[in-house]
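**Q** Before I ask anything, let me first share the structure, which is written out below as C-alpha cells.
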Amino acid sequence: MAQDTDVWKQVFQELIQEVKPWHRWTLTPDKGLLPNVLKPGWMQYQQWAFARFQCSSCSRSWASAQVQVLFHMHWSKEKSRGQVKMRVFAQRCKKCSQPPFEVPEFTQENISRILNNLVFRILKRCYREGFKSMEEIPMIKEISLEGPHDSDNCEACLQGFCAQSGPAVQSPMPPSLPFPSEDTQLETGRAWPSMSSLFAGPAQATNLSTSWIPRANTICQVEREVKICPSNERFYSYTSQNHTHRNISICCCFLLLIVVGVVIVIRTII
C-alpha cells in the first residue's frame, strides 16, 4: 500500500474538507492497528472491500472480496483536530511454499467508496450529525468470485480477525440520533451524490418511516396506554361525580320553576 498511501490521503482530504473545511484531519497508515484494541477516546470502523493481489515471488495474481480495512478515529473538539489511523490487512499466495504477505491493490473507485463511508462514519460518531443518504456505498466487484475465502493465507484470519465472522464489536457510544445499521447498502451500480449534497446541516434529525409501529410490549406503548386508559377506580369515581352533578342541576331547575310559579300566582292575586 506504500505506493497508494498518497492517493488515500489525497482522496480523504478532499472528502473531509468538503464537509468540514475549517477542521484539520489527518489519515495515517498503521501496520500495528488491531480490531477492538482502542486507546481512550478512540473509535473504530471496519469495512470489507474488493481488491487484487500479486505475488512478488511467482507473479501470480488473485482477487478477494474479503479484504479487511480497519480505521481508528479520534476527534478533539477543543483543538478542532481529528486523527484517523488505517490498516489494510494483507494476503499471501497459496501456490508458493513460503510466500510473503502482499499488500492489496484497490481501484480508484473503491478507494473513493471506502473513504466516503469513512467520512459518513466520522460525521456520525464524532460530530453527531445526520445525513440524507444513510446507506453505505458498496464496493465494486470487478469479477465474479467463486469458492470460500482462503482463510489460511489471510493475515486478518491468521491473527484471529476472520473476515467471514462479520464486523467486530465497536466501541460503545452514547445514544444519539437514529441511524441505520452498518450492513445497510446501496443497490449495486447506483450512483451517489457529492459529500456536500448529502448533508443538510448539523444535528439534523432522521425521520422514521410512517409505517413504523412500536411493539405492543414496549415501555413506550405501555405508557401510552396508561395515559389514555384510566384505571377502574378513577373511572367509577368520574362516573359517580357526573351523576352527582346531574342531580344537583335537576334540583336547581326544579326549585327555579317553583319560585317562578309562586311569583306568577302572587302577581295574579294582587
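Just so we're on the same page: first chain in the C-alpha cells is A, next is B, and so on; residues restart at 1 for each chain, and ligands are numbered from 1 in the order they show up.
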Would you list, as an mmCIF file with N, CA, C and O atoms, in the first residue's frame, the residues of region 34-178 of chain A that end up in helix (DSSP H, G or I) under DSSP run on this structure's backbone?
**A**
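File out_2.cif, as written:
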```cif
data_model
loop_
_atom_site.group_PDB
_atom_site.id
_atom_site.type_symbol
_atom_site.label_atom_id
_atom_site.label_comp_id
_atom_site.auth_asym_id
_atom_site.auth_seq_id
_atom_site.Cartn_x
_atom_site.Cartn_y
_atom_site.Cartn_z
ATOM 1 N N GLN A 108 -9.311 3.071 -8.022
ATOM 2 C CA GLN A 108 -9.613 4.426 -7.568
ATOM 3 C C GLN A 108 -11.064 4.546 -7.128
ATOM 4 O O GLN A 108 -11.384 5.232 -6.158
ATOM 5 N N GLU A 109 -11.943 3.828 -7.823
ATOM 6 C CA GLU A 109 -13.372 3.873 -7.496
ATOM 7 C C GLU A 109 -13.638 3.312 -6.111
ATOM 8 O O GLU A 109 -14.375 3.896 -5.315
ATOM 9 N N ASN A 110 -13.030 2.156 -5.787
ATOM 10 C CA ASN A 110 -13.264 1.558 -4.479
ATOM 11 C C ASN A 110 -12.580 2.330 -3.355
ATOM 12 O O ASN A 110 -13.088 2.372 -2.231
ATOM 13 N N ILE A 111 -11.445 2.967 -3.636
ATOM 14 C CA ILE A 111 -10.819 3.840 -2.639
ATOM 15 C C ILE A 111 -11.769 4.978 -2.280
ATOM 16 O O ILE A 111 -11.960 5.314 -1.106
ATOM 17 N N SER A 112 -12.381 5.567 -3.286
ATOM 18 C CA SER A 112 -13.332 6.663 -3.047
ATOM 19 C C SER A 112 -14.533 6.180 -2.248
ATOM 20 O O SER A 112 -15.017 6.874 -1.349
ATOM 21 N N ARG A 113 -15.024 4.991 -2.562
ATOM 22 C CA ARG A 113 -16.186 4.462 -1.843
ATOM 23 C C ARG A 113 -15.853 4.148 -0.388
ATOM 24 O O ARG A 113 -16.641 4.429 0.521
ATOM 25 N N ILE A 114 -14.697 3.554 -0.153
ATOM 26 C CA ILE A 114 -14.283 3.243 1.218
ATOM 27 C C ILE A 114 -14.161 4.513 2.045
ATOM 28 O O ILE A 114 -14.633 4.590 3.184
ATOM 29 N N LEU A 115 -13.544 5.540 1.483
ATOM 30 C CA LEU A 115 -13.327 6.782 2.223
ATOM 31 C C LEU A 115 -14.606 7.598 2.349
ATOM 32 O O LEU A 115 -14.773 8.346 3.317
ATOM 33 N N ASN A 116 -15.512 7.485 1.384
ATOM 34 C CA ASN A 116 -16.835 8.102 1.553
ATOM 35 C C ASN A 116 -17.534 7.519 2.765
ATOM 36 O O ASN A 116 -18.102 8.245 3.586
ATOM 37 N N ASN A 117 -17.508 6.199 2.885
ATOM 38 C CA ASN A 117 -18.125 5.551 4.046
ATOM 39 C C ASN A 117 -17.436 5.966 5.337
ATOM 40 O O ASN A 117 -18.078 6.127 6.382
ATOM 41 N N LEU A 118 -16.124 6.139 5.290
ATOM 42 C CA LEU A 118 -15.384 6.581 6.477
ATOM 43 C C LEU A 118 -15.825 7.982 6.896
ATOM 44 O O LEU A 118 -16.038 8.248 8.092
ATOM 45 N N VAL A 119 -15.961 8.886 5.952
ATOM 46 C CA VAL A 119 -16.385 10.246 6.275
ATOM 47 C C VAL A 119 -17.811 10.244 6.830
ATOM 48 O O VAL A 119 -18.126 10.983 7.772
ATOM 49 N N PHE A 120 -18.692 9.402 6.280
ATOM 50 C CA PHE A 120 -20.032 9.246 6.858
ATOM 51 C C PHE A 120 -19.935 8.882 8.329
ATOM 52 O O PHE A 120 -20.627 9.428 9.191
ATOM 53 N N ARG A 121 -19.050 7.916 8.628
ATOM 54 C CA ARG A 121 -18.913 7.448 9.999
ATOM 55 C C ARG A 121 -18.333 8.513 10.911
ATOM 56 O O ARG A 121 -18.727 8.639 12.074
ATOM 57 N N ILE A 122 -17.401 9.302 10.401
ATOM 58 C CA ILE A 122 -16.821 10.386 11.200
ATOM 59 C C ILE A 122 -17.889 11.411 11.562
ATOM 60 O O ILE A 122 -17.988 11.864 12.708
ATOM 61 N N LEU A 123 -18.713 11.774 10.601
ATOM 62 C CA LEU A 123 -19.764 12.758 10.859
ATOM 63 C C LEU A 123 -20.788 12.212 11.852
ATOM 64 O O LEU A 123 -21.349 12.961 12.649
ATOM 65 N N LYS A 124 -21.038 10.934 11.810
ATOM 66 C CA LYS A 124 -21.994 10.335 12.734
ATOM 67 C C LYS A 124 -21.404 10.195 14.130
ATOM 68 O O LYS A 124 -22.019 10.590 15.119
ATOM 69 N N ARG A 125 -20.201 9.642 14.233
ATOM 70 C CA ARG A 125 -19.636 9.310 15.529
ATOM 71 C C ARG A 125 -18.985 10.502 16.211
ATOM 72 O O ARG A 125 -19.069 10.643 17.432
ATOM 73 N N SER A 151 -8.876 -18.500 4.126
ATOM 74 C CA SER A 151 -8.514 -18.005 5.451
ATOM 75 C C SER A 151 -7.114 -18.424 5.878
ATOM 76 O O SER A 151 -6.514 -17.783 6.756
ATOM 77 N N ASP A 152 -6.571 -19.498 5.271
ATOM 78 C CA ASP A 152 -5.228 -19.950 5.634
ATOM 79 C C ASP A 152 -4.141 -18.988 5.172
ATOM 80 O O ASP A 152 -3.008 -19.046 5.676
ATOM 81 N N ASN A 153 -4.453 -18.135 4.225
ATOM 82 C CA ASN A 153 -3.469 -17.192 3.694
ATOM 83 C C ASN A 153 -3.919 -15.742 3.866
ATOM 84 O O ASN A 153 -3.398 -14.849 3.200
ATOM 85 N N GLU A 155 -4.132 -12.548 6.322
ATOM 86 C CA GLU A 155 -3.470 -12.023 7.515
ATOM 87 C C GLU A 155 -4.454 -11.797 8.647
ATOM 88 O O GLU A 155 -4.174 -12.120 9.810
ATOM 89 N N ALA A 156 -5.620 -11.242 8.338
ATOM 90 C CA ALA A 156 -6.622 -10.969 9.369
ATOM 91 C C ALA A 156 -7.118 -12.258 9.998
ATOM 92 O O ALA A 156 -7.283 -12.362 11.224
ATOM 93 N N CYS A 157 -7.372 -13.279 9.177
ATOM 94 C CA CYS A 157 -7.868 -14.551 9.707
ATOM 95 C C CYS A 157 -6.810 -15.246 10.554
ATOM 96 O O CYS A 157 -7.125 -15.832 11.603
ATOM 97 N N LEU A 158 -5.556 -15.204 10.128
ATOM 98 C CA LEU A 158 -4.486 -15.856 10.874
ATOM 99 C C LEU A 158 -4.243 -15.189 12.223
ATOM 100 O O LEU A 158 -3.769 -15.826 13.158
ATOM 101 N N ALA A 163 -12.535 -12.469 8.511
ATOM 102 C CA ALA A 163 -13.417 -11.577 7.755
ATOM 103 C C ALA A 163 -14.816 -12.150 7.635
ATOM 104 O O ALA A 163 -15.795 -11.420 7.548
ATOM 105 N N GLN A 164 -14.941 -13.489 7.634
ATOM 106 C CA GLN A 164 -16.246 -14.100 7.457
ATOM 107 C C GLN A 164 -17.109 -14.048 8.712
ATOM 108 O O GLN A 164 -18.295 -14.320 8.664
ATOM 109 N N SER A 165 -16.510 -13.684 9.850
ATOM 110 C CA SER A 165 -17.289 -13.610 11.093
ATOM 111 C C SER A 165 -18.044 -12.303 11.212
ATOM 112 O O SER A 165 -18.807 -12.096 12.134
#
```
**Q** Quick one: everything within 10 Å of Gln91 (chain A), counting only C-alpha atoms, minus sequence neighbours fewer than 3 positions away in the same chain. Send it as a list of chain:residue names.
**A**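 Contacts, in chain order: A:Arg52, A:Phe53, A:Gln54, A:Cys55, A:Trp62, A:Ser64, A:Val67, A:Val88, A:Lys94, A:Pro99, A:Pro100, A:Phe101, A:Glu102, A:Val103, A:Pro104, A:Asp150, A:Ser151, A:Asp152, A:Asn153, A:Cys154, A:Glu155, A:Ala156, A:Cys157, A:Leu158.
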**Q** Using only C-alpha atoms, which of the listed residues (A:Val259, A:Val84, A:Ala49, A:Ile137) sits closest to Thr107 (chain A)?
**A** A:Ala49
**Q** Which distance in Å separates CA of Arg92 (chain A) and CA of Glu105 (chain A), to one decimal?
**A** 13.2 Å
**Q** How many Å separate CA of Ile270 (chain A) from CA of Leu255 (chain A)?
**A**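 Between CA of Ile270 (chain A) and CA of Leu255 (chain A) the gap works out to 22.9 Å.
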**Q** Have a look at CA of Trp48 (chain A) and CA of Met139 (chain A) and let me know their distance in Å, one decimal.
**A** 8.4 Å
**Q** For each of A:Cys251, A:Ile264, A:Cys126, A:Cys96, take the minimum atom-to-atom distance to Cys58 (chain A), counting only C-alpha atoms, then give the residue where this is smallest.
**A**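 Closest residue, counting only C-alpha atoms: A:Cys96.
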